[in-house]
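Asker: Submitted below is the structure of interest, expressed as structure tokens.
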Amino acid sequence: MINTFDKITDQSYALAKKGDPLFGAVSISGAKNMVTKIMTACLLAKKGKLIIKNVPFISEVLITLRLFDQLGVKYKLNVDKTLEIEPQSFRSSKVKFEGEEGNRISLLLAGPVLAQFGEATIAKPKGCKIGLRKIDFHVQGLEKFGTQIKETDEFLFMKLGAQGLKGTQFRLPFPSVGATENLLITAVSAQGESIINNCAVEPEIIELVKFLQRAGVEITLNGDRSIKVRGAENINLSEFTVIPDRIETVSLAAAALATKGDVFLKNAKQDLIVTLLGLLEKMGAGIEIKENGIRIFYKQALKPISVTTEVYPGLATDFQQSLAILFSQVQGLSHIHETIFEKRFGYLEVLNPLIKNNKKFTISGQCPKGQECRFSGQGHQHFAEINGPIEFGAGEVAICDLRAGFALLTAGLLSDGLKISNLKLLFRGYEDPVAKLKSLGADIELKI
């Protein structure tokens with residue numbers, strides 16, 4: 001299937017500049033952080049076919065399908081945004097990435113491949129450089145299931161003992177989303193009962209639990225962030241629908257407010273962004289929640305605010321990039337305290353030289369007084385002060401990570417002219433973002 005994300009090259013770029021406020025309606029696509037996890041979990045089935053609906057046309061899906069090609073998994077991606085997957089006996093126990101492409105889904109293939117071959121050679125994950133993003137929790141958890149692991153610069157070599165994958169108990173040192181998903185999928189393949197403690201409980205993980213329950217797996221999610229899983233020899237496949245992407249929802253909402261616009265986000269769901277909506281209401285944003293979406297509109301001068309990113313249900317770390325650009329248009333001081341990843345403010349650093357009204361984004365390694373986090377005293381630049389309103393001049397910027405990409409597009413819509421490159425990162429997780437902004441009246445062009 002050919003779509004915009006297939007056409008993006010290293011030479012592609014977007015040109016954006018200040019124009020009219022964003023106005024109109026736009027549809028929210030399926031969640032990037034959910035679809036690839038459901039794709040991976042369905043590989044636990046030994047027969048049947050899964051139909052995934054509301055699949056976003058993003059390169060993250062394409063990269064994952066290329067991993068499927070290596071395993072010999074049959075699939076069909078249709079124009080109606082359905083993806084049909086027929087798991088079968090894998091032809092290989094090794095998965096690797098092509099060229100420079102990559103994502104973090106390779107790790108989630110460990111459980112299905114180990115269950116079938118008793119061994120696996122898994123390419124180390126690739127993704128946005130937003131901090132150390134160690135894989136220690138994945139490795140420690142998989143070892144608890146009975147996996148012997150040797151590590152090189154490029155691969156994890158895994159092998160099971162004679163007893164195979166055995167149910168276990170494991171406490172995550174931090175509620176990592178990726179590690180929670182990995183250990184949950186692996187637990188389904190293990191013999192007996194497993195308990196994973198201190199889990200992440202993001203909406204996408206709840207959807208993964210719902211998918212596995214519908215497939216016949218006995219799973220209990222407890223209020224103390226623990227998940228109990230009874231291993232299953234096989235799972236039953238049918239149909240499953242991907243929820244709307246809450247990060248795209250917030251990205252477009254912030255862009256609408258930053259440009260003083262009025263946008264209806266079709267398919268957006270209130271329950272996925274409750275914390276964020278509360279913050280926007282506190283700032284004075286206009287919000288109308290309807291059955292088929294959410295209207296976000298500028299109705300008065302917004303107030304500055306201080307926010308801290310936290311594990312769910314706190315403010316998501318992937319929300320703060322678009323919020324930072326929104327805060328830059330608000331009179332007064334706003335603050336962002338990043339406590340999930342230690343290196344997420346690179347996009348503000350590249351914007352600083354383009355500011356033309358003697359203001360800037362101030363980034364430091366100090367936690368707010370009385371709000372010390374796990375990065376306190378380590379020198380990580382994880383606190384940003386934003387003194388608005390900021391005026392952006394003309395220039396060029398390169399996207400440094402996926403979520404920063406949309407924030408830079410929004411900055412371009414507030415600028416005298418911004419050329420934004422390295423679009424491959426952006427299209428990994430956003431479906432036709434330039435076209436969506438253009439449909440709302442943005443002065444932006446995609447150069448392929």
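A note on labels: chains of the structure tokens are A, B, ... as shown, every chain counts residues from 1, and ligands are counted from 1 in their shown order.
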Among segment 79-247 of chain A, which ones does DSSP place in strand (DSSP E), written as an MDAnalysis selection string?
Answerer: chainID A and resid 83:86 94:95 119:123 147:151 155:160 169:171 193:197 218:221 227:230 239:241
Asker: Counting only C-alpha atoms, which residues of segment 176-221 of chain A sit at most 10 Å from some atom of segment 138-152 of chain A, and what is each one's closest atom pair with its distance in Å to one decimal, listed by chain and rising residue number, as a Markdown table?
Answerer:
| residue | atom | partner | partner_atom | distance |
| --- | --- | --- | --- | --- |
| A:Ser176 | CA | A:His138 | CA | 9.3 |
| A:Gly178 | CA | A:His138 | CA | 8.0 |
| A:Ala179 | CA | A:His138 | CA | 5.2 |
| A:Thr180 | CA | A:His138 | CA | 8.4 |
| A:Glu181 | CA | A:His138 | CA | 9.6 |
| A:Asn182 | CA | A:His138 | CA | 7.0 |
| A:Leu183 | CA | A:Gly141 | CA | 6.6 |
| A:Thr186 | CA | A:Leu142 | CA | 7.8 |
| A:Ala187 | CA | A:Phe145 | CA | 7.9 |
| A:Ser189 | CA | A:Phe145 | CA | 9.9 |
| A:Ala190 | CA | A:Phe145 | CA | 7.4 |
| A:Gln191 | CA | A:Phe145 | CA | 9.5 |
| A:Ser194 | CA | A:Phe145 | CA | 8.9 |
| A:Ile196 | CA | A:Gly141 | CA | 9.0 |
Asker: Considering only C-alpha atoms, give me a table of residues in segment 295-409 of chain A that are at most 9 Å from segment 265-283 of chain A, with the closest atom pair and distance in Å for each, as CSV.
Answerer:
residue,atom,partner,partner_atom,distance
A:Arg295,CA,A:Leu265,CA,6.0
A:Ile296,CA,A:Leu265,CA,7.7
A:Ala301,CA,A:Met283,CA,8.6
A:Leu302,CA,A:Met283,CA,5.2
A:Lys303,CA,A:Met283,CA,4.7
A:Pro304,CA,A:Met283,CA,6.6
A:Ile305,CA,A:Met283,CA,6.9
A:Val307,CA,A:Leu279,CA,8.4
A:Pro313,CA,A:Thr275,CA,7.2
A:Gly314,CA,A:Thr275,CA,6.7
A:Leu315,CA,A:Thr275,CA,6.3
A:Ala316,CA,A:Leu276,CA,8.6
A:Phe319,CA,A:Leu276,CA,8.3
Asker: Which polymer residues have any atom within 12 Å of an atom of Phe23 of chain A, counting only C-alpha atoms, with same-chain residues fewer than 5 positions away left out, as a list in words?
Answerer: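 Near Phe23 of chain A, the qualifying residues are Leu252, Ala253, Ala255, Ala256, Leu257, Thr259, Lys260, Gly261, Asp262, Val263, Phe264, Leu265, Arg295, Ile296, Phe297, Tyr298, Lys436, Leu437, Lys438, Ser439, Leu440, Gly441 and Ala442 of chain A.
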Asker: Restricted to C-alpha atoms, what would the selected residues look like written as a PDB file, in the first residue's frame?
Answerer:
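As written to disk, part16.pdb reads:
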ATOM      1  CA  LEU A 252      -3.866  19.213  17.485  1.00  0.00           C
ATOM      2  CA  ALA A 253      -5.670  20.758  20.470  1.00  0.00           C
ATOM      3  CA  ALA A 255      -1.952  23.825  17.922  1.00  0.00           C
ATOM      4  CA  ALA A 256      -5.530  25.116  17.738  1.00  0.00           C
ATOM      5  CA  LEU A 257      -5.149  27.115  20.944  1.00  0.00           C
ATOM      6  CA  THR A 259      -2.991  29.877  16.865  1.00  0.00           C
ATOM      7  CA  LYS A 260      -6.115  31.206  18.638  1.00  0.00           C
ATOM      8  CA  GLY A 261      -8.243  28.847  16.574  1.00  0.00           C
ATOM      9  CA  ASP A 262     -11.368  26.728  16.838  1.00  0.00           C
ATOM     10  CA  VAL A 263     -11.081  23.041  15.928  1.00  0.00           C
ATOM     11  CA  PHE A 264     -13.376  20.024  16.275  1.00  0.00           C
ATOM     12  CA  LEU A 265     -11.399  16.824  16.858  1.00  0.00           C
ATOM     13  CA  ARG A 295     -14.223  20.951  20.249  1.00  0.00           C
ATOM     14  CA  ILE A 296     -11.214  23.007  21.394  1.00  0.00           C
ATOM     15  CA  PHE A 297     -11.353  26.760  20.891  1.00  0.00           C
ATOM     16  CA  TYR A 298      -9.683  29.985  21.981  1.00  0.00           C
ATOM     17  CA  LYS A 436      -4.305  17.516   8.531  1.00  0.00           C
ATOM     18  CA  LEU A 437      -2.961  20.929   9.525  1.00  0.00           C
ATOM     19  CA  LYS A 438      -3.404  22.207   5.975  1.00  0.00           C
ATOM     20  CA  SER A 439      -7.051  21.057   6.023  1.00  0.00           C
ATOM     21  CA  LEU A 440      -7.535  23.369   9.020  1.00  0.00           C
ATOM     22  CA  GLY A 441      -6.191  26.350   7.086  1.00  0.00           C
ATOM     23  CA  ALA A 442      -2.544  26.194   8.130  1.00  0.00           C
TER      24      ALA A 442
END
Asker: Using only C-alpha atoms, can you tell me which of A:Glu154, A:Glu310, A:Glu431, A:Glu391 comes closest to Arg374 of chain A?
Answerer: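 Under the stated criterion, the closest residue is A:Glu310.
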Asker: Using the chain letters and numbers from this document, which residues of segment 120-358 of chain A does DSSP assign to helix (DSSP H, G or I), as a PyMOL selection string?
Answerer: chain A and resi 136-144+177-189+203-214+246-258+270-272+274-283+317-327+346-354
Asker: Can I get the residues of segment 243-331 of chain A within 7 Å of segment 404-408 of chain A, each with the closest pair of atoms and their distance in Å to one decimal, using only C-alpha atoms, sorted chain first then ascending number, as a tab-separated table?
Answerer:
residue	atom	partner	partner_atom	distance
A:Ser251	CA	A:Phe406	CA	6.8
A:Gln321	CA	A:Ala404	CA	5.6
A:Ser322	CA	A:Ala407	CA	4.6
A:Ile325	CA	A:Ala407	CA	6.4
Asker: Could you write out that same residue set with C-alpha atoms as an mmCIF file, in the first residue's frame?
Answerer:
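Written file, again.cif:
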data_model
loop_
_atom_site.group_PDB
_atom_site.id
_atom_site.type_symbol
_atom_site.label_atom_id
_atom_site.label_comp_id
_atom_site.auth_asym_id
_atom_site.auth_seq_id
_atom_site.Cartn_x
_atom_site.Cartn_y
_atom_site.Cartn_z
ATOM 1 C CA SER A 251 -1.046 17.841 19.632
ATOM 2 C CA GLN A 321 6.149 19.065 23.627
ATOM 3 C CA SER A 322 2.985 20.489 22.075
ATOM 4 C CA ILE A 325 4.650 25.632 22.169
#
Asker: Return the single residue from A:Gly417, A:Gly118, A:Gly30, A:Pro203 that is closest to Leu165 of chain A, with distances computed using only C-alpha atoms.
Answerer: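 Selected residue with least distance to Leu165 of chain A: A:Gly118.
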Asker: What gap, in Å, lies between atom CA of Ser12 of chain A and atom CA of Ser27 of chain A?
Answerer: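 According to the coordinates, atom CA of Ser12 of chain A and atom CA of Ser27 of chain A are separated by 24.2 Å.
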Asker: Take atom CA of Gln11 of chain A and atom CA of Lys96 of chain A and report the distance between them in Å, one decimal.
Answerer: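 Pair atom CA of Gln11 of chain A / atom CA of Lys96 of chain A returns 25.0 Å.
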Asker: Taking 3 positions as the minimum chain separation for residues in the same chain, which residues sit within 9 Å of Ile235 of chain A when counting only C-alpha atoms? Answer as a ChimeraX atom specification.
Answerer: /A:42,44-47,188,212,214-217,232
Asker: Mind writing the picked residues with N, CA and C atoms as an mmCIF file, in the first residue's frame?
Answerer:
data_model
loop_
_atom_site.group_PDB
_atom_site.id
_atom_site.type_symbol
_atom_site.label_atom_id
_atom_site.label_comp_id
_atom_site.auth_asym_id
_atom_site.auth_seq_id
_atom_site.Cartn_x
_atom_site.Cartn_y
_atom_site.Cartn_z
ATOM 1 N N CYS A 42 -1.026 -10.703 18.935
ATOM 2 C CA CYS A 42 -1.786 -11.703 18.186
ATOM 3 C C CYS A 42 -0.896 -12.826 17.673
ATOM 4 N N LEU A 44 0.762 -14.690 19.374
ATOM 5 C CA LEU A 44 0.684 -15.791 20.327
ATOM 6 C C LEU A 44 -0.264 -16.883 19.837
ATOM 7 N N ALA A 45 -1.139 -16.529 18.883
ATOM 8 C CA ALA A 45 -2.117 -17.500 18.375
ATOM 9 C C ALA A 45 -1.460 -18.466 17.410
ATOM 10 N N LYS A 46 -1.889 -19.700 17.452
ATOM 11 C CA LYS A 46 -1.358 -20.724 16.552
ATOM 12 C C LYS A 46 -2.235 -20.904 15.313
ATOM 13 N N LYS A 47 -3.416 -20.295 15.331
ATOM 14 C CA LYS A 47 -4.316 -20.399 14.193
ATOM 15 C C LYS A 47 -5.284 -19.222 14.219
ATOM 16 N N VAL A 188 1.670 -14.609 28.901
ATOM 17 C CA VAL A 188 0.635 -15.417 28.250
ATOM 18 C C VAL A 188 1.232 -16.713 27.708
ATOM 19 N N LEU A 212 -6.438 -9.350 25.118
ATOM 20 C CA LEU A 212 -6.053 -10.687 25.565
ATOM 21 C C LEU A 212 -7.198 -11.379 26.302
ATOM 22 N N ARG A 214 -10.408 -10.925 25.710
ATOM 23 C CA ARG A 214 -11.338 -11.336 24.668
ATOM 24 C C ARG A 214 -10.813 -12.539 23.903
ATOM 25 N N ALA A 215 -9.481 -12.691 23.898
ATOM 26 C CA ALA A 215 -8.871 -13.836 23.209
ATOM 27 C C ALA A 215 -8.850 -15.082 24.087
ATOM 28 N N GLY A 216 -9.372 -14.971 25.311
ATOM 29 C CA GLY A 216 -9.483 -16.137 26.171
ATOM 30 C C GLY A 216 -8.449 -16.272 27.253
ATOM 31 N N VAL A 217 -7.632 -15.233 27.463
ATOM 32 C CA VAL A 217 -6.595 -15.283 28.491
ATOM 33 C C VAL A 217 -7.167 -14.804 29.824
ATOM 34 N N ALA A 232 -1.622 -19.273 28.677
ATOM 35 C CA ALA A 232 -2.574 -19.930 27.776
ATOM 36 C C ALA A 232 -1.817 -20.558 26.619
#
Asker: Rounded to one decimal place, report the atom CA of Gly346 of chain A-atom CA of Gly379 of chain A distance in Å.
Answerer: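 Atom CA of Gly346 of chain A sits 14.9 Å away from atom CA of Gly379 of chain A.
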Asker: Choose the residue, out of A:Glu372, A:Glu98, A:Glu342, A:Asp136, that has the smallest atom-to-atom separation from Phe174 of chain A; count only C-alpha atoms.
Answerer: A:Asp136
Asker: Taking only C-alpha atoms into account, name the residue in A:Thr82, A:Ser106, A:Gln371, A:Thr249 that is nearest to Thr309 of chain A.
Answerer: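 Of all the options, A:Gln371 lies closest to Thr309 of chain A.
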